[in-house]
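Chemist: coords-v3.cif is reproduced in full below (mmCIF, C-alpha atoms).
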```cif
data_coords
#
loop_
_atom_site.group_PDB
_atom_site.id
_atom_site.type_symbol
_atom_site.label_atom_id
_atom_site.label_comp_id
_atom_site.auth_asym_id
_atom_site.auth_seq_id
_atom_site.Cartn_x
_atom_site.Cartn_y
_atom_site.Cartn_z
ATOM 1 C CA MET A 170 -32.814 -31.580 -46.388
ATOM 2 C CA LYS A 171 -34.106 -30.837 -42.878
ATOM 3 C CA ARG A 172 -32.013 -33.722 -41.532
ATOM 4 C CA ASP A 173 -28.895 -32.284 -43.196
ATOM 5 C CA ARG A 174 -29.533 -28.887 -41.611
ATOM 6 C CA ARG A 175 -29.945 -30.498 -38.161
ATOM 7 C CA VAL A 176 -26.689 -32.415 -38.630
ATOM 8 C CA LEU A 177 -24.908 -29.224 -39.706
ATOM 9 C CA ALA A 178 -26.288 -27.323 -36.698
ATOM 10 C CA CYS A 179 -25.111 -30.075 -34.334
ATOM 11 C CA MET A 180 -21.659 -30.033 -35.874
ATOM 12 C CA GLN A 181 -21.458 -26.237 -35.502
ATOM 13 C CA LEU A 182 -22.570 -26.456 -31.858
ATOM 14 C CA ALA A 183 -19.962 -29.130 -31.168
ATOM 15 C CA ALA A 184 -17.268 -26.983 -32.755
ATOM 16 C CA VAL A 185 -18.257 -23.999 -30.573
ATOM 17 C CA CYS A 186 -18.163 -26.179 -27.452
ATOM 18 C CA LEU A 187 -14.733 -27.538 -28.320
ATOM 19 C CA LEU A 188 -13.417 -24.019 -28.931
ATOM 20 C CA ALA A 189 -14.838 -22.784 -25.628
ATOM 21 C CA SER A 190 -13.349 -25.710 -23.688
ATOM 22 C CA ALA A 191 -9.969 -25.057 -25.290
ATOM 23 C CA MET A 192 -10.091 -21.384 -24.375
ATOM 24 C CA LEU A 193 -11.308 -21.712 -20.773
ATOM 25 C CA PRO A 194 -8.047 -23.073 -19.281
ATOM 26 C CA SER A 195 -6.051 -20.245 -20.860
ATOM 27 C CA VAL A 196 -8.587 -17.655 -19.638
ATOM 28 C CA SER A 197 -8.382 -19.151 -16.149
ATOM 29 C CA ARG A 198 -4.585 -19.026 -16.215
ATOM 30 C CA ALA A 199 -4.657 -15.434 -17.457
ATOM 31 C CA GLN A 200 -6.783 -14.437 -14.478
ATOM 32 C CA GLU A 201 -4.390 -15.900 -11.916
ATOM 33 C CA VAL A 202 -2.570 -13.151 -10.037
ATOM 34 C CA PRO A 203 -0.274 -13.183 -6.999
ATOM 35 C CA VAL A 204 -2.131 -12.639 -3.738
ATOM 36 C CA PHE A 205 -0.173 -11.413 -0.715
ATOM 37 C CA ALA A 206 -1.088 -11.080 2.950
ATOM 38 C CA ILE A 207 0.540 -8.505 5.247
ATOM 39 C CA THR A 208 0.695 -9.338 8.949
ATOM 40 C CA PRO A 209 0.519 -6.244 11.219
ATOM 41 C CA ARG A 210 1.801 -8.235 14.211
ATOM 42 C CA GLU A 211 5.086 -8.816 12.398
ATOM 43 C CA SER A 212 5.210 -5.331 10.864
ATOM 44 C CA SER A 213 5.444 -1.705 11.956
ATOM 45 C CA ILE A 214 4.774 1.865 10.839
ATOM 46 C CA LYS A 215 6.860 4.525 12.593
ATOM 47 C CA PHE A 216 7.518 8.245 12.317
ATOM 48 C CA ASP A 217 10.297 10.580 13.393
ATOM 49 C CA VAL A 218 10.637 14.360 13.338
ATOM 50 C CA GLU A 219 13.642 16.373 14.408
ATOM 51 C CA ALA A 220 12.901 18.416 17.513
ATOM 52 C CA SER A 221 14.578 19.899 20.553
ATOM 53 C CA VAL A 222 12.937 17.039 22.460
ATOM 54 C CA ALA A 223 12.756 13.785 20.489
ATOM 55 C CA ILE A 224 9.418 13.172 18.812
ATOM 56 C CA ARG A 225 9.201 9.701 17.376
ATOM 57 C CA GLY A 226 6.675 6.961 17.707
ATOM 58 C CA THR A 227 4.536 4.308 16.115
ATOM 59 C CA PHE A 228 0.888 3.463 15.451
ATOM 60 C CA ASP A 229 -0.733 0.540 17.211
ATOM 61 C CA LYS A 230 -3.590 -0.103 14.766
ATOM 62 C CA TRP A 231 -3.453 -0.097 10.981
ATOM 63 C CA ASP A 232 -4.208 -2.246 7.957
ATOM 64 C CA ALA A 233 -2.287 -2.705 4.715
ATOM 65 C CA SER A 234 -2.942 -4.590 1.507
ATOM 66 C CA LEU A 235 -0.773 -5.370 -1.508
ATOM 67 C CA ARG A 236 -2.642 -6.338 -4.689
ATOM 68 C CA PHE A 237 -1.489 -7.166 -8.212
ATOM 69 C CA THR A 238 -3.323 -7.289 -11.537
ATOM 70 C CA SER A 239 -0.697 -9.603 -13.069
ATOM 71 C CA PRO A 240 2.558 -11.335 -12.034
ATOM 72 C CA ASP A 241 4.441 -8.196 -13.162
ATOM 73 C CA VAL A 242 5.702 -6.685 -9.895
ATOM 74 C CA THR A 243 5.104 -3.132 -11.179
ATOM 75 C CA THR A 244 1.331 -3.734 -11.277
ATOM 76 C CA GLY A 245 1.280 -3.795 -7.477
ATOM 77 C CA VAL A 246 -0.968 -1.426 -5.530
ATOM 78 C CA LEU A 247 -0.110 -0.726 -1.892
ATOM 79 C CA ASP A 248 -2.951 0.540 0.296
ATOM 80 C CA VAL A 249 -2.321 1.558 3.925
ATOM 81 C CA LYS A 250 -4.915 2.784 6.444
ATOM 82 C CA ILE A 251 -3.687 3.978 9.866
ATOM 83 C CA GLN A 252 -5.861 4.659 12.904
ATOM 84 C CA ALA A 253 -4.447 8.079 13.821
ATOM 85 C CA ALA A 254 -5.754 7.912 17.409
ATOM 86 C CA THR A 255 -3.458 4.950 18.123
ATOM 87 C CA VAL A 256 -0.318 7.091 17.897
ATOM 88 C CA ASP A 257 2.187 6.139 20.596
ATOM 89 C CA THR A 258 5.271 8.212 21.370
ATOM 90 C CA GLY A 259 5.765 6.799 24.832
ATOM 91 C CA SER A 260 4.533 10.107 26.306
ATOM 92 C CA GLY A 261 0.912 10.758 27.179
ATOM 93 C CA LEU A 262 1.445 14.516 26.797
ATOM 94 C CA LYS A 263 2.910 14.191 23.297
ATOM 95 C CA ASN A 264 0.240 11.680 22.275
ATOM 96 C CA SER A 265 -2.514 14.040 23.385
ATOM 97 C CA LYS A 266 -0.982 16.973 21.505
ATOM 98 C CA LEU A 267 -0.531 14.951 18.298
ATOM 99 C CA LYS A 268 -4.135 13.719 18.416
ATOM 100 C CA GLY A 269 -5.447 17.287 18.779
ATOM 101 C CA SER A 270 -6.658 19.746 16.162
ATOM 102 C CA ASP A 271 -3.192 21.296 15.649
ATOM 103 C CA PHE A 272 -1.790 18.010 14.374
ATOM 104 C CA PHE A 273 -3.642 14.783 13.411
ATOM 105 C CA ASP A 274 -7.095 16.120 14.398
ATOM 106 C CA VAL A 275 -8.260 12.558 15.028
ATOM 107 C CA ASP A 276 -11.838 13.434 15.994
ATOM 108 C CA ARG A 277 -12.594 14.773 12.510
ATOM 109 C CA ASN A 278 -9.993 12.788 10.561
ATOM 110 C CA PRO A 279 -9.550 9.360 12.141
ATOM 111 C CA LEU A 280 -7.499 7.859 9.278
ATOM 112 C CA ILE A 281 -4.057 8.513 7.832
ATOM 113 C CA THR A 282 -3.847 6.787 4.440
ATOM 114 C CA PHE A 283 -1.468 6.062 1.593
ATOM 115 C CA ARG A 284 -2.610 4.521 -1.697
ATOM 116 C CA SER A 285 -0.068 3.987 -4.442
ATOM 117 C CA THR A 286 -0.724 5.264 -7.964
ATOM 118 C CA LYS A 287 2.503 4.211 -9.682
ATOM 119 C CA LEU A 288 5.228 1.675 -8.886
ATOM 120 C CA VAL A 289 8.597 1.783 -10.650
ATOM 121 C CA GLN A 290 11.353 -0.785 -10.144
ATOM 122 C CA THR A 291 14.640 1.106 -9.747
ATOM 123 C CA GLY A 292 16.958 -1.815 -8.991
ATOM 124 C CA PRO A 293 16.921 -5.599 -8.489
ATOM 125 C CA THR A 294 15.010 -5.205 -5.205
ATOM 126 C CA THR A 295 14.256 -1.474 -4.950
ATOM 127 C CA PHE A 296 11.246 0.596 -5.981
ATOM 128 C CA GLU A 297 9.862 4.114 -6.060
ATOM 129 C CA VAL A 298 6.159 4.307 -5.280
ATOM 130 C CA ASP A 299 4.114 7.420 -6.017
ATOM 131 C CA GLY A 300 0.886 7.657 -4.086
ATOM 132 C CA ASN A 301 -1.841 9.761 -2.551
ATOM 133 C CA PHE A 302 -1.014 10.497 1.087
ATOM 134 C CA THR A 303 -3.843 11.810 3.273
ATOM 135 C CA ILE A 304 -3.493 13.207 6.767
ATOM 136 C CA ARG A 305 -5.958 15.408 8.703
ATOM 137 C CA GLY A 306 -8.193 15.448 5.610
ATOM 138 C CA VAL A 307 -5.552 16.855 3.224
ATOM 139 C CA THR A 308 -4.384 14.717 0.297
ATOM 140 C CA ARG A 309 -1.151 15.286 -1.597
ATOM 141 C CA SER A 310 1.088 13.218 -3.851
ATOM 142 C CA GLU A 311 4.127 11.803 -2.038
ATOM 143 C CA LYS A 312 6.855 9.276 -2.858
ATOM 144 C CA LEU A 313 7.642 6.111 -0.906
ATOM 145 C CA THR A 314 10.998 4.445 -1.570
ATOM 146 C CA LEU A 315 11.014 0.694 -0.973
ATOM 147 C CA ALA A 316 13.489 -2.151 -0.681
ATOM 148 C CA VAL A 317 12.349 -5.775 -0.483
ATOM 149 C CA THR A 318 13.937 -8.930 0.869
ATOM 150 C CA GLY A 319 13.121 -12.542 0.048
ATOM 151 C CA LYS A 320 12.876 -12.002 -3.712
ATOM 152 C CA GLY A 321 11.672 -15.190 -5.372
ATOM 153 C CA THR A 322 10.781 -16.944 -2.100
ATOM 154 C CA GLY A 323 7.140 -15.884 -1.831
ATOM 155 C CA SER A 324 7.674 -14.103 1.483
ATOM 156 C CA GLY A 325 9.850 -11.362 2.884
ATOM 157 C CA GLN A 326 10.101 -7.830 4.212
ATOM 158 C CA ILE A 327 9.082 -4.580 2.548
ATOM 159 C CA ASN A 328 11.044 -1.687 4.032
ATOM 160 C CA GLY A 329 10.193 1.843 2.957
ATOM 161 C CA THR A 330 10.623 5.518 3.778
ATOM 162 C CA LEU A 331 8.397 8.499 3.018
ATOM 163 C CA TYR A 332 9.170 12.135 3.829
ATOM 164 C CA PHE A 333 6.615 14.930 4.001
ATOM 165 C CA ASP A 334 6.397 18.551 5.131
ATOM 166 C CA ARG A 335 3.900 18.797 7.976
ATOM 167 C CA LYS A 336 2.956 22.375 7.031
ATOM 168 C CA ASP A 337 1.745 21.126 3.630
ATOM 169 C CA TYR A 338 -1.004 19.378 5.599
ATOM 170 C CA GLY A 339 -1.962 22.279 7.845
ATOM 171 C CA MET A 340 0.144 21.266 10.838
ATOM 172 C CA ASN A 341 1.551 24.730 11.388
ATOM 173 C CA SER A 342 1.593 24.814 15.178
ATOM 174 C CA GLY A 343 4.261 23.656 17.560
ATOM 175 C CA ILE A 344 4.341 22.137 21.023
ATOM 176 C CA PRO A 345 5.049 24.471 23.946
ATOM 177 C CA PHE A 346 8.752 24.603 24.828
ATOM 178 C CA ILE A 347 9.631 22.182 22.001
ATOM 179 C CA LYS A 348 11.119 23.319 18.705
ATOM 180 C CA ILE A 349 9.896 21.057 15.883
ATOM 181 C CA ALA A 350 11.236 20.696 12.346
ATOM 182 C CA ASN A 351 8.824 20.682 9.408
ATOM 183 C CA ARG A 352 10.147 17.535 7.733
ATOM 184 C CA VAL A 353 8.645 14.279 8.979
ATOM 185 C CA GLU A 354 10.058 10.843 8.223
ATOM 186 C CA VAL A 355 7.719 7.843 8.030
ATOM 187 C CA THR A 356 9.187 4.336 7.905
ATOM 188 C CA VAL A 357 7.335 1.121 7.145
ATOM 189 C CA ALA A 358 8.472 -2.446 7.728
ATOM 190 C CA LEU A 359 5.869 -4.810 6.322
ATOM 191 C CA THR A 360 6.058 -8.591 6.450
ATOM 192 C CA ALA A 361 4.353 -10.000 3.347
ATOM 193 C CA LYS A 362 3.647 -13.569 2.248
ATOM 194 C CA ARG A 363 2.219 -14.891 -1.016
ATOM 195 C CA VAL A 364 -0.856 -16.947 -0.120
ATOM 196 C CA SER A 365 -1.962 -17.869 -3.637
ATOM 197 C CA GLY A 366 -1.313 -17.285 -7.318
ATOM 198 C CA PRO A 367 1.906 -17.360 -9.339
ATOM 199 C CA PRO A 368 5.225 -15.851 -8.210
ATOM 200 C CA LEU A 369 6.047 -12.237 -8.981
ATOM 201 C CA VAL A 370 8.139 -11.371 -12.008
ATOM 202 C CA PHE A 371 10.877 -8.811 -11.331
ATOM 203 C CA LYS A 372 12.815 -6.805 -13.889
ATOM 204 C CA GLN A 373 16.314 -8.261 -14.075
#
```
Have the structure of the file written as structure tokens, please.
Modeler:
Amino acid sequence: MKRDRRVLACMQLAAVCLLASAMLPSVSRAQEVPVFAITPRESSIKFDVEASVAIRGTFDKWDASLRFTSPDVTTGVLDVKIQAATVDTGSGLKNSKLKGSDFFDVDRNPLITFRSTKLVQTGPTTFEVDGNFTIRGVTRSEKLTLAVTGKGTGSGQINGTLYFDRKDYGMNSGIPFIKIANRVEVTVALTAKRVSGPPLVFKQ
């Protein structure tokens, strides 16, 4: 009787092991997600605001990541962190004013950030991305519209535009002798490449 119970226990253990080994490959496959790298050297983040004297520029230092929880392209999360003190308009006077407390306030708020909260595909290669935009310590929900190139190739360009009202973020002052509009345009051109995982699945 004891021998029969030992045989039965061994058979049950073997069955559990076989079931686990059958499940592990599928679990592993389910965990595979696309992984993309964004190269700042081949990318840019710029801004432009209408003014009596042109105010447009770029940021020299920033980081961006694009992560997915599945191959579904709409599961993507875009996270951008900009070093506000690296603003470059081509004018030392404008740079100094933008870094000051009336605008970016870089001493107390060194980062300008955007983190997406929702990504909706609006066309074969276009998207609307809702996200939390933070500048000078104020966070508000803003929308980034994107268009991508290189669909299906594993690499390409992500081009996007975001508009915001500077006064919503406490930037109420102007620059002496320069009339500045409230609406600010931010444009991103990000070069992304899939470094591992399966290809993205787009809505047709």
Chemist: Would you translate the PyMOL selection byres ((chain A and resi 231) around 12) into the concrete set of residues it matches in this file, as a ChimeraX atom specification?
Modeler: /A:207-210,212-215,227-230,232-234,248-256,279-283,357,359
Chemist: Hey, which of A:Phe371, A:Glu354, A:Asp271, A:Tyr338 ends up closest to Val317 of chain A? Count all atoms listed in the file.
Modeler: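 Residue with the minimum atom-to-atom distance to Val317 of chain A: A:Phe371.
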Chemist: May I have the residues within 10 Å of Ser342 of chain A as JSON, numbers by chain, using all atoms listed in the file and disregarding those fewer than 5 positions away in the same chain?
Modeler: {"A": [270, 271, 272, 335, 336, 349]}
Chemist: Okay, now the selection with C-alpha atoms, as a PDB file, keeping the file's coordinate frame?
Modeler:
```pdb
ATOM      1  CA  SER A 270      -6.658  19.746  16.162  1.00  0.00           C
ATOM      2  CA  ASP A 271      -3.192  21.296  15.649  1.00  0.00           C
ATOM      3  CA  PHE A 272      -1.790  18.010  14.374  1.00  0.00           C
ATOM      4  CA  ARG A 335       3.900  18.797   7.976  1.00  0.00           C
ATOM      5  CA  LYS A 336       2.956  22.375   7.031  1.00  0.00           C
ATOM      6  CA  ILE A 349       9.896  21.057  15.883  1.00  0.00           C
TER       7      ILE A 349
END
```
Chemist: Quick one, how far is atom CA of Arg352 of chain A from atom CA of Phe333 of chain A?
Modeler: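 Atom CA of Phe333 of chain A lies at a distance of 5.8 Å from atom CA of Arg352 of chain A.
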Chemist: Nearest residue to Val307 of chain A out of A:Val364, A:Asn278, A:Thr286, A:Thr330, using only C-alpha atoms?
Modeler: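 Ranked by minimum distance to Val307 of chain A, first place goes to A:Asn278.
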Chemist: Which distance in Å separates atom CA of Phe346 of chain A and atom CA of Leu267 of chain A, to one decimal?
Modeler: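 The value is 14.9 Å.
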Chemist: Residues of segment 255-298 of chain A within 10 Å of segment 219-224 of chain A: nearest atom pair and distance (Å, one decimal) for each, counting all atoms listed in the file, sorted by chain and number, as a Markdown table?
Modeler:
```
| residue | atom | partner | partner_atom | distance |
| --- | --- | --- | --- | --- |
| A:Thr258 | CA | A:Ile224 | CA | 7.0 |
| A:Gly259 | CA | A:Ile224 | CA | 9.5 |
| A:Ser260 | CA | A:Ile224 | CA | 9.5 |
| A:Lys263 | CA | A:Ile224 | CA | 8.0 |
| A:Asn264 | CA | A:Ile224 | CA | 9.9 |
```
Chemist: Just to confirm, what's the straight-line distance from atom CA of Val298 of chain A to atom CA of Thr314 of chain A in Å (one decimal)?
Modeler: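 Atom CA of Thr314 of chain A lies at a distance of 6.1 Å from atom CA of Val298 of chain A.
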Chemist: On this structure, which residues satisfy the PyMOL selection byres ((chain A and resi 370) around 6), written as a count of residues only?
Modeler: 5
Chemist: Could you check the closest approach to Thr294 of chain A for each of A:Gly269, A:Pro367, A:Gly321, A:Pro345 and tell me which residue wins, using all atoms listed in the file?
Modeler: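 Looking at the shortest contact to Thr294 of chain A, the residue is A:Gly321.
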Chemist: Neighbours of Ser365 of chain A within 8 Å (all atoms listed in the file; same-chain residues fewer than 5 positions away dropped), as a ChimeraX atom specification?
Modeler: /A:202-205
Chemist: Build an axis-aligned box that encloses every atom of segment 255-259 of chain A listed in the file, pad it by 5 Å on each side, and report its centre and edge lengths in Å to one decimal, as lines of an AutoDock Vina configuration file.
Modeler:
```
center_x = 1.2
center_y = 6.6
center_z = 21.4
size_x = 19.2
size_y = 13.3
size_z = 16.9
```
Chemist: Need to verify the contact set: Phe296 of chain A, 12 Å, all atoms listed in the file, exclusion of same-chain residues closer than 6 positions in sequence. Can you return it as number ranges by chain?
Modeler: A: 242-243, 245, 285, 287-290, 312-317, 327-330, 371-372
Chemist: Quick one: apply the PyMOL selection byres ((chain A and resi 361) around 6) to the file and drop the selected residues here as a PyMOL selection string.
Modeler: chain A and resi 206-207+324-325+360+362
Chemist: Measuring atom to atom with only C-alpha atoms, identify which of A:Gln326, A:Thr356, A:Thr318, A:Gln373 is nearest to Val218 of chain A.
Modeler: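 Using only C-alpha atoms, Val218 of chain A sits closest to A:Thr356.
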Chemist: Which of these, A:Val275, A:Val353, A:Val246, A:Ala358, has the shortest distance to Arg225 of chain A once you count all atoms listed in the file?
Modeler: A:Val353
Chemist: Using all atoms listed in the file, can you tell me which of A:Arg236, A:Lys348, A:Arg363, A:Lys320 comes closest to Pro293 of chain A?
Modeler: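 The answer is A:Lys320, which sits nearest to Pro293 of chain A.
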Chemist: Taking only all heavy atoms, show segment 210-221 of chain A of the given structure as a PDB file, in the first residue's frame.
Modeler:
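Dumped everything to out-v1.pdb:
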```
ATOM      1  N   ARG A 210      21.508  62.403 -29.719  1.00  0.00           N
ATOM      2  CA  ARG A 210      22.395  63.010 -30.717  1.00  0.00           C
ATOM      3  C   ARG A 210      21.746  63.111 -32.086  1.00  0.00           C
ATOM      4  O   ARG A 210      22.117  63.955 -32.898  1.00  0.00           O
ATOM      5  CB  ARG A 210      23.697  62.218 -30.820  1.00  0.00           C
ATOM      6  CG  ARG A 210      24.657  62.404 -29.664  1.00  0.00           C
ATOM      7  CD  ARG A 210      25.892  61.566 -29.834  1.00  0.00           C
ATOM      8  NE  ARG A 210      25.567  60.141 -29.892  1.00  0.00           N
ATOM      9  CZ  ARG A 210      26.459  59.173 -30.113  1.00  0.00           C
ATOM     10  NH1 ARG A 210      27.723  59.486 -30.337  1.00  0.00           N
ATOM     11  NH2 ARG A 210      26.079  57.907 -30.134  1.00  0.00           N
ATOM     12  N   GLU A 211      20.784  62.232 -32.356  1.00  0.00           N
ATOM     13  CA  GLU A 211      20.100  62.246 -33.644  1.00  0.00           C
ATOM     14  C   GLU A 211      18.682  62.799 -33.516  1.00  0.00           C
ATOM     15  O   GLU A 211      17.864  62.636 -34.423  1.00  0.00           O
ATOM     16  CB  GLU A 211      20.064  60.823 -34.208  1.00  0.00           C
ATOM     17  CG  GLU A 211      21.449  60.228 -34.428  1.00  0.00           C
ATOM     18  CD  GLU A 211      21.378  58.764 -34.828  1.00  0.00           C
ATOM     19  OE1 GLU A 211      20.261  58.235 -34.948  1.00  0.00           O
ATOM     20  OE2 GLU A 211      22.444  58.151 -35.021  1.00  0.00           O
ATOM     21  N   SER A 212      18.404  63.457 -32.391  1.00  0.00           N
ATOM     22  CA  SER A 212      17.064  63.958 -32.108  1.00  0.00           C
ATOM     23  C   SER A 212      17.140  65.405 -31.641  1.00  0.00           C
ATOM     24  O   SER A 212      18.225  65.946 -31.436  1.00  0.00           O
ATOM     25  CB  SER A 212      16.398  63.097 -31.021  1.00  0.00           C
ATOM     26  OG  SER A 212      16.478  61.720 -31.322  1.00  0.00           O
ATOM     27  N   SER A 213      15.962  66.023 -31.476  1.00  0.00           N
ATOM     28  CA  SER A 213      15.951  67.413 -31.004  1.00  0.00           C
ATOM     29  C   SER A 213      14.624  67.727 -30.326  1.00  0.00           C
ATOM     30  O   SER A 213      13.592  67.113 -30.608  1.00  0.00           O
ATOM     31  CB  SER A 213      16.179  68.382 -32.167  1.00  0.00           C
ATOM     32  OG  SER A 213      15.096  68.322 -33.088  1.00  0.00           O
ATOM     33  N   ILE A 214      14.674  68.688 -29.410  1.00  0.00           N
ATOM     34  CA  ILE A 214      13.482  69.256 -28.780  1.00  0.00           C
ATOM     35  C   ILE A 214      13.615  70.775 -28.899  1.00  0.00           C
ATOM     36  O   ILE A 214      14.575  71.363 -28.398  1.00  0.00           O
ATOM     37  CB  ILE A 214      13.351  68.840 -27.310  1.00  0.00           C
ATOM     38  CG1 ILE A 214      13.213  67.319 -27.201  1.00  0.00           C
ATOM     39  CG2 ILE A 214      12.157  69.534 -26.664  1.00  0.00           C
ATOM     40  CD1 ILE A 214      13.134  66.810 -25.765  1.00  0.00           C
ATOM     41  N   LYS A 215      12.645  71.397 -29.568  1.00  0.00           N
ATOM     42  CA  LYS A 215      12.711  72.832 -29.838  1.00  0.00           C
ATOM     43  C   LYS A 215      11.437  73.525 -29.363  1.00  0.00           C
ATOM     44  O   LYS A 215      10.418  72.881 -29.129  1.00  0.00           O
ATOM     45  CB  LYS A 215      12.914  73.081 -31.331  1.00  0.00           C
ATOM     46  CG  LYS A 215      14.181  72.462 -31.905  1.00  0.00           C
ATOM     47  CD  LYS A 215      14.310  72.724 -33.404  1.00  0.00           C
ATOM     48  CE  LYS A 215      15.568  72.089 -33.973  1.00  0.00           C
ATOM     49  NZ  LYS A 215      15.715  72.341 -35.433  1.00  0.00           N
ATOM     50  N   PHE A 216      11.515  74.834 -29.237  1.00  0.00           N
ATOM     51  CA  PHE A 216      10.335  75.621 -28.874  1.00  0.00           C
ATOM     52  C   PHE A 216      10.324  76.912 -29.683  1.00  0.00           C
ATOM     53  O   PHE A 216      11.353  77.386 -30.167  1.00  0.00           O
ATOM     54  CB  PHE A 216      10.309  75.936 -27.374  1.00  0.00           C
ATOM     55  CG  PHE A 216      11.413  76.861 -26.920  1.00  0.00           C
ATOM     56  CD1 PHE A 216      11.223  78.230 -26.871  1.00  0.00           C
ATOM     57  CD2 PHE A 216      12.648  76.339 -26.549  1.00  0.00           C
ATOM     58  CE1 PHE A 216      12.241  79.074 -26.468  1.00  0.00           C
ATOM     59  CE2 PHE A 216      13.679  77.189 -26.145  1.00  0.00           C
ATOM     60  CZ  PHE A 216      13.470  78.553 -26.101  1.00  0.00           C
ATOM     61  N   ASP A 217       9.130  77.475 -29.813  1.00  0.00           N
ATOM     62  CA  ASP A 217       8.957  78.702 -30.587  1.00  0.00           C
ATOM     63  C   ASP A 217       7.775  79.462 -30.001  1.00  0.00           C
ATOM     64  O   ASP A 217       6.735  78.867 -29.699  1.00  0.00           O
ATOM     65  CB  ASP A 217       8.696  78.351 -32.057  1.00  0.00           C
ATOM     66  CG  ASP A 217       8.746  79.572 -32.975  1.00  0.00           C
ATOM     67  OD1 ASP A 217       8.945  80.689 -32.463  1.00  0.00           O
ATOM     68  OD2 ASP A 217       8.576  79.384 -34.190  1.00  0.00           O
ATOM     69  N   VAL A 218       7.928  80.758 -29.826  1.00  0.00           N
ATOM     70  CA  VAL A 218       6.836  81.595 -29.347  1.00  0.00           C
ATOM     71  C   VAL A 218       6.828  82.870 -30.175  1.00  0.00           C
ATOM     72  O   VAL A 218       7.881  83.457 -30.449  1.00  0.00           O
ATOM     73  CB  VAL A 218       6.983  81.913 -27.836  1.00  0.00           C
ATOM     74  CG1 VAL A 218       8.308  82.569 -27.518  1.00  0.00           C
ATOM     75  CG2 VAL A 218       5.834  82.783 -27.350  1.00  0.00           C
ATOM     76  N   GLU A 219       5.644  83.265 -30.607  1.00  0.00           N
ATOM     77  CA  GLU A 219       5.537  84.484 -31.393  1.00  0.00           C
ATOM     78  C   GLU A 219       5.904  85.686 -30.532  1.00  0.00           C
ATOM     79  O   GLU A 219       5.457  85.809 -29.396  1.00  0.00           O
ATOM     80  CB  GLU A 219       4.120  84.643 -31.942  1.00  0.00           C
ATOM     81  CG  GLU A 219       3.759  83.641 -33.025  1.00  0.00           C
ATOM     82  CD  GLU A 219       2.409  83.938 -33.648  1.00  0.00           C
ATOM     83  OE1 GLU A 219       1.853  85.025 -33.359  1.00  0.00           O
ATOM     84  OE2 GLU A 219       1.915  83.103 -34.420  1.00  0.00           O
ATOM     85  N   ALA A 220       6.712  86.566 -31.089  1.00  0.00           N
ATOM     86  CA  ALA A 220       7.157  87.750 -30.356  1.00  0.00           C
ATOM     87  C   ALA A 220       7.602  88.808 -31.353  1.00  0.00           C
ATOM     88  O   ALA A 220       7.846  88.517 -32.531  1.00  0.00           O
ATOM     89  CB  ALA A 220       8.307  87.401 -29.413  1.00  0.00           C
ATOM     90  N   SER A 221       7.693  90.050 -30.852  1.00  0.00           N
ATOM     91  CA  SER A 221       8.141  91.132 -31.717  1.00  0.00           C
ATOM     92  C   SER A 221       9.593  90.924 -32.142  1.00  0.00           C
ATOM     93  O   SER A 221      10.028  91.416 -33.179  1.00  0.00           O
ATOM     94  CB  SER A 221       7.977  92.479 -31.005  1.00  0.00           C
ATOM     95  OG  SER A 221       8.672  92.484 -29.763  1.00  0.00           O
TER      96      SER A 221
END
```
